[in-house]
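One structure is given below, encoded as structure tokens.
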Amino acid sequence: MTAARRARLIRTRLALGAAFVVLVGLGAAGVEPAPVTRSGAPAEVAGRVEVAALVAPTTTLAPTTTLAPTTTLAPTTTIPASPVAVATPPTTTTTTTTTTTTLPPTTTTAPAPATATTTSTAPTTSTAPTPTTAAPTTVGPVVAAEAGDGVIVSATGVVLPVLGAAPGGGWRVSTPCAREAVVTNGTQVSTVDVVLDAGHGGSESGAVGPNGILEKEINLVVALHVEEHLEAAGYRVLQTRTTDIRIPLRSRAAIVNALTPRIFVSIHHNGGARVRRSTPGTEVFYDAGNPEARRAGGILYEDLSAAMSAFSADWVGTVFAGATARLNANGEDLYGLHRFTPGIPSVITEAGYLTNASEAALFARQDVLEAQAHGIADGIIRWLTTNDPGSGFVPEFVDGSSSGTGGIDNCTDPQLG
């Protein structure tokens, strides 16, 4: 017997206990309850057999001690609440309609976000307009931010290039998906020494290791360690992302252009190579035509490849291992991060090949990621403080192939605050 049938049987017993004299006068023909409907649905008749069984045969209804009300006919606390309206005495069925009035409305409000969340990643002390809890308002397609306008780091850590002041207070900003929005809550940053970019994020995972490691995740781990080392050395640093969100390439470039840093470094891990080699297949791509970017590329290659060489692996790589520029068919930089940030020295690091099982095992280790971060930070500091020319240069090459990621199609903005 199902739980629903047991519930109907118990309710019928309660009704019989309340009108027992009527049942005594009934014959063996049996009694059926009136059909019950659920919100206009066909009548429920599944409990008829059990109800008839309660009153047949008639000899069990003779005036004996078995006819006295017993505990089997008393209300039981095991009766489940039922949404079905049953024709039973009001003393037992009204409990299902009063439960909604016994809970007083709550007036408790969630505490406002701590103000520290808006300043934890901001290296400046600029005063923002008075914070409010108003949600950001999207008002339409964005116009590119002007260089040097700075950014707002929202309460949720999203970096938003500033487009200008909002008429009602706050800032007009560009969202990661290149929409214009108004925010009234966040920390304004005018400029920094270094912008770090953890490649990929959100729906774009980048390379995937045989052990399941995602490039987007270890890129961020390394970038955060680099930031720690640079800030300990006294440099102002800002990340394009500190969480797992998707930021199209043009939006990353907009952040860089708004901050005009001394250098821009995008951190990645490679995929695809199969040819074995005796040393790490580290690659660093610099902005073609920018001598300082080329010098930074050579220095970063030296320090990053040295950091990776401290570990043992079945290395793989290509003929482009070293410091170089990758061009499209027009002779321009293939990578949008270079093309979209003119005049700012920019480099892209590829520490090794995540798709190679031996190297993926290394990238699963925290000490390896920290060593990689040390190498990148040391290279940046050496570029900032010396005239070292760098080394490991290989000829620039033309390769117009693209991974197809980094665009703005189907982009969804994260929560801004």
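Ligands are numbered from 1 in the order shown, chains are lettered A, B, ... in the order of the structure tokens, and residues start at 1 in each chain.
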Please identify all polymer residues within 6 Å of Thr349 in chain A, counting only C-alpha atoms, omitting same-chain residues fewer than 3 positions from it, and present them as a VMD selection string. chain A and resid 267 to 268 284
Contacts between range 167-190 of chain A and range 248-365 of chain A, please, where a residue of range 248-365 of chain A counts if it comes within 9 Å (with only C-alpha atoms); show its shortest atom pair and distance in Å to one decimal, rows by chain and ascending number, as CSV.
```
residue,atom,partner,partner_atom,distance
A:Pro248,CA,A:Pro176,CA,6.8
A:Arg250,CA,A:Ala178,CA,8.2
A:Ser251,CA,A:Pro176,CA,5.6
A:Arg252,CA,A:Pro176,CA,7.9
A:Ala254,CA,A:Ser174,CA,8.5
A:Ala258,CA,A:Ser190,CA,7.9
A:Leu259,CA,A:Ser190,CA,6.1
A:Thr260,CA,A:Ser190,CA,8.9
```
Contacts of range 354-371 of chain A within 9 Å, only C-alpha atoms, excl. fewer than 2 positions in-chain, as JSON, numbers by chain: {"A": [207, 208, 209, 210, 211, 212, 213, 214, 215, 218, 221, 222, 225, 226, 269, 270, 271, 272, 273, 274, 304, 307, 308, 310, 311, 312, 313, 314, 315, 316, 352, 373, 374, 375, 376]}
Measure the distance from CA of Arg294 in chain A to CA of Glu350 in chain A in Å and round it to one decimal. 15.4 Å
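Closest to Ile152 in chain A among A:Ile255, A:Ile245, A:Leu334, A:Ala296 is A:Ile255, based on only C-alpha atoms.
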Taking 2 positions as the minimum chain separation for residues in the same chain, which residues sit within 9 Å of range 285-289 of chain A when counting only C-alpha atoms? Answer as a PyMOL selection string. chain A and resi 283+291-298+322-327+332-333+335+337-339+342+344-350+396
Write the residues of the preceding selection, restricted to N, CA and C atoms, as an mmCIF file, in the first residue's frame.
```cif
data_model
loop_
_atom_site.group_PDB
_atom_site.id
_atom_site.type_symbol
_atom_site.label_atom_id
_atom_site.label_comp_id
_atom_site.auth_asym_id
_atom_site.auth_seq_id
_atom_site.Cartn_x
_atom_site.Cartn_y
_atom_site.Cartn_z
ATOM 1 N N GLU A 283 58.641 29.280 -24.533
ATOM 2 C CA GLU A 283 58.541 30.296 -25.578
ATOM 3 C C GLU A 283 58.062 31.604 -24.970
ATOM 4 N N PRO A 291 61.435 47.744 -29.513
ATOM 5 C CA PRO A 291 62.728 47.265 -29.016
ATOM 6 C C PRO A 291 62.703 46.899 -27.531
ATOM 7 N N GLU A 292 61.971 47.660 -26.726
ATOM 8 C CA GLU A 292 61.916 47.353 -25.294
ATOM 9 C C GLU A 292 61.123 46.081 -25.028
ATOM 10 N N ALA A 293 60.107 45.835 -25.841
ATOM 11 C CA ALA A 293 59.366 44.576 -25.710
ATOM 12 C C ALA A 293 60.267 43.406 -26.087
ATOM 13 N N ARG A 294 61.075 43.583 -27.116
ATOM 14 C CA ARG A 294 61.996 42.523 -27.527
ATOM 15 C C ARG A 294 63.013 42.241 -26.421
ATOM 16 N N ARG A 295 63.551 43.309 -25.822
ATOM 17 C CA ARG A 295 64.509 43.131 -24.734
ATOM 18 C C ARG A 295 63.857 42.411 -23.554
ATOM 19 N N ALA A 296 62.608 42.802 -23.232
ATOM 20 C CA ALA A 296 61.890 42.129 -22.149
ATOM 21 C C ALA A 296 61.675 40.656 -22.474
ATOM 22 N N GLY A 297 61.371 40.367 -23.737
ATOM 23 C CA GLY A 297 61.171 38.982 -24.134
ATOM 24 C C GLY A 297 62.421 38.145 -23.928
ATOM 25 N N GLY A 298 63.586 38.693 -24.303
ATOM 26 C CA GLY A 298 64.829 37.959 -24.127
ATOM 27 C C GLY A 298 65.175 37.731 -22.671
ATOM 28 N N GLY A 322 62.249 29.839 -27.428
ATOM 29 C CA GLY A 322 63.108 31.006 -27.291
ATOM 30 C C GLY A 322 62.255 32.253 -27.240
ATOM 31 N N ALA A 323 62.854 33.401 -27.535
ATOM 32 C CA ALA A 323 62.141 34.677 -27.579
ATOM 33 C C ALA A 323 61.957 35.078 -29.031
ATOM 34 N N THR A 324 60.718 35.355 -29.410
ATOM 35 C CA THR A 324 60.436 35.648 -30.817
ATOM 36 C C THR A 324 59.140 36.441 -30.947
ATOM 37 N N ALA A 325 58.800 36.799 -32.191
ATOM 38 C CA ALA A 325 57.529 37.454 -32.499
ATOM 39 C C ALA A 325 56.802 36.601 -33.531
ATOM 40 N N ARG A 326 55.507 36.443 -33.352
ATOM 41 C CA ARG A 326 54.679 35.666 -34.273
ATOM 42 C C ARG A 326 53.818 36.636 -35.063
ATOM 43 N N LEU A 327 53.954 36.580 -36.384
ATOM 44 C CA LEU A 327 53.319 37.563 -37.249
ATOM 45 C C LEU A 327 52.200 36.941 -38.077
ATOM 46 N N GLU A 332 52.025 41.889 -39.373
ATOM 47 C CA GLU A 332 51.699 42.476 -38.077
ATOM 48 C C GLU A 332 51.739 41.390 -37.011
ATOM 49 N N ASP A 333 51.757 41.812 -35.757
ATOM 50 C CA ASP A 333 51.670 40.840 -34.674
ATOM 51 C C ASP A 333 50.397 40.018 -34.817
ATOM 52 N N TYR A 335 49.163 38.161 -32.379
ATOM 53 C CA TYR A 335 48.428 38.200 -31.116
ATOM 54 C C TYR A 335 47.809 39.579 -30.890
ATOM 55 N N LEU A 337 46.798 40.843 -28.169
ATOM 56 C CA LEU A 337 47.310 41.520 -26.984
ATOM 57 C C LEU A 337 48.447 42.468 -27.333
ATOM 58 N N HIS A 338 49.201 42.135 -28.381
ATOM 59 C CA HIS A 338 50.244 43.040 -28.856
ATOM 60 C C HIS A 338 49.656 44.151 -29.735
ATOM 61 N N ARG A 339 48.813 43.766 -30.688
ATOM 62 C CA ARG A 339 48.272 44.753 -31.633
ATOM 63 C C ARG A 339 47.418 45.807 -30.950
ATOM 64 N N PRO A 342 49.278 49.302 -28.442
ATOM 65 C CA PRO A 342 50.428 49.948 -29.087
ATOM 66 C C PRO A 342 51.172 50.873 -28.132
ATOM 67 N N ILE A 344 52.998 50.142 -25.606
ATOM 68 C CA ILE A 344 53.254 49.568 -24.288
ATOM 69 C C ILE A 344 54.005 48.252 -24.483
ATOM 70 N N PRO A 345 55.219 48.093 -23.957
ATOM 71 C CA PRO A 345 55.951 46.830 -24.106
ATOM 72 C C PRO A 345 55.129 45.669 -23.559
ATOM 73 N N SER A 346 54.925 44.659 -24.398
ATOM 74 C CA SER A 346 54.095 43.531 -23.984
ATOM 75 C C SER A 346 54.748 42.220 -24.391
ATOM 76 N N VAL A 347 54.623 41.220 -23.519
ATOM 77 C CA VAL A 347 55.152 39.886 -23.803
ATOM 78 C C VAL A 347 54.150 38.834 -23.351
ATOM 79 N N ILE A 348 54.219 37.687 -23.998
ATOM 80 C CA ILE A 348 53.388 36.529 -23.643
ATOM 81 C C ILE A 348 54.336 35.388 -23.302
ATOM 82 N N THR A 349 54.180 34.807 -22.113
ATOM 83 C CA THR A 349 55.046 33.697 -21.710
ATOM 84 C C THR A 349 54.318 32.371 -21.869
ATOM 85 N N GLU A 350 55.033 31.377 -22.376
ATOM 86 C CA GLU A 350 54.546 29.990 -22.472
ATOM 87 C C GLU A 350 55.615 29.128 -21.805
ATOM 88 N N GLU A 396 61.880 35.865 -36.056
ATOM 89 C CA GLU A 396 60.433 36.086 -36.093
ATOM 90 C C GLU A 396 59.852 35.285 -37.251
#
```
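The space between CA of Pro414 in chain A and CA of Ile263 in chain A spans 26.6 Å.
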Min atom-atom distance to Phe320 in chain A from the set A:Ala351, A:Val394, A:Leu300, A:Ala377, counting only C-alpha atoms, belongs to A:Val394
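Taking CA of Asn219 in chain A as the reference point, CA of Phe264 in chain A is found at 14.9 Å.
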Contacts of Thr385 in chain A at 12 Å (only C-alpha atoms; same-chain gap of 5+ positions) as a tab-separated table (two decimals) with N, CA, C and O atoms, in the first residue's frame:
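Output contents, as saved in around.tsv:
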```tsv
chain	number	residue	atom	x	y	z
A	233	ALA	N	58.73	43.72	-3.86
A	233	ALA	CA	59.86	44.52	-4.33
A	233	ALA	C	59.49	45.99	-4.49
A	233	ALA	O	60.33	46.79	-4.89
A	235	TYR	N	56.74	47.31	-6.34
A	235	TYR	CA	56.10	47.72	-7.59
A	235	TYR	C	54.58	47.68	-7.46
A	235	TYR	O	54.01	46.86	-6.73
A	262	ARG	N	54.22	50.27	-17.30
A	262	ARG	CA	55.55	50.23	-17.91
A	262	ARG	C	55.73	48.96	-18.73
A	262	ARG	O	56.49	48.95	-19.70
A	296	ALA	N	62.61	42.80	-23.23
A	296	ALA	CA	61.89	42.13	-22.15
A	296	ALA	C	61.67	40.66	-22.47
A	296	ALA	O	61.80	39.78	-21.60
A	299	ILE	N	64.95	38.73	-21.82
A	299	ILE	CA	65.24	38.60	-20.39
A	299	ILE	C	64.29	37.59	-19.74
A	299	ILE	O	64.71	36.72	-18.96
A	378	ASP	N	61.45	37.78	-11.53
A	378	ASP	CA	62.85	38.18	-11.62
A	378	ASP	C	63.16	38.83	-12.97
A	378	ASP	O	63.89	39.82	-13.06
A	379	GLY	N	62.58	38.24	-14.02
A	379	GLY	CA	62.80	38.82	-15.35
A	379	GLY	C	62.21	40.20	-15.48
A	379	GLY	O	62.83	41.11	-16.08
A	380	ILE	N	61.02	40.42	-14.95
A	380	ILE	CA	60.40	41.74	-15.02
A	380	ILE	C	61.24	42.77	-14.27
A	380	ILE	O	61.49	43.88	-14.76
```
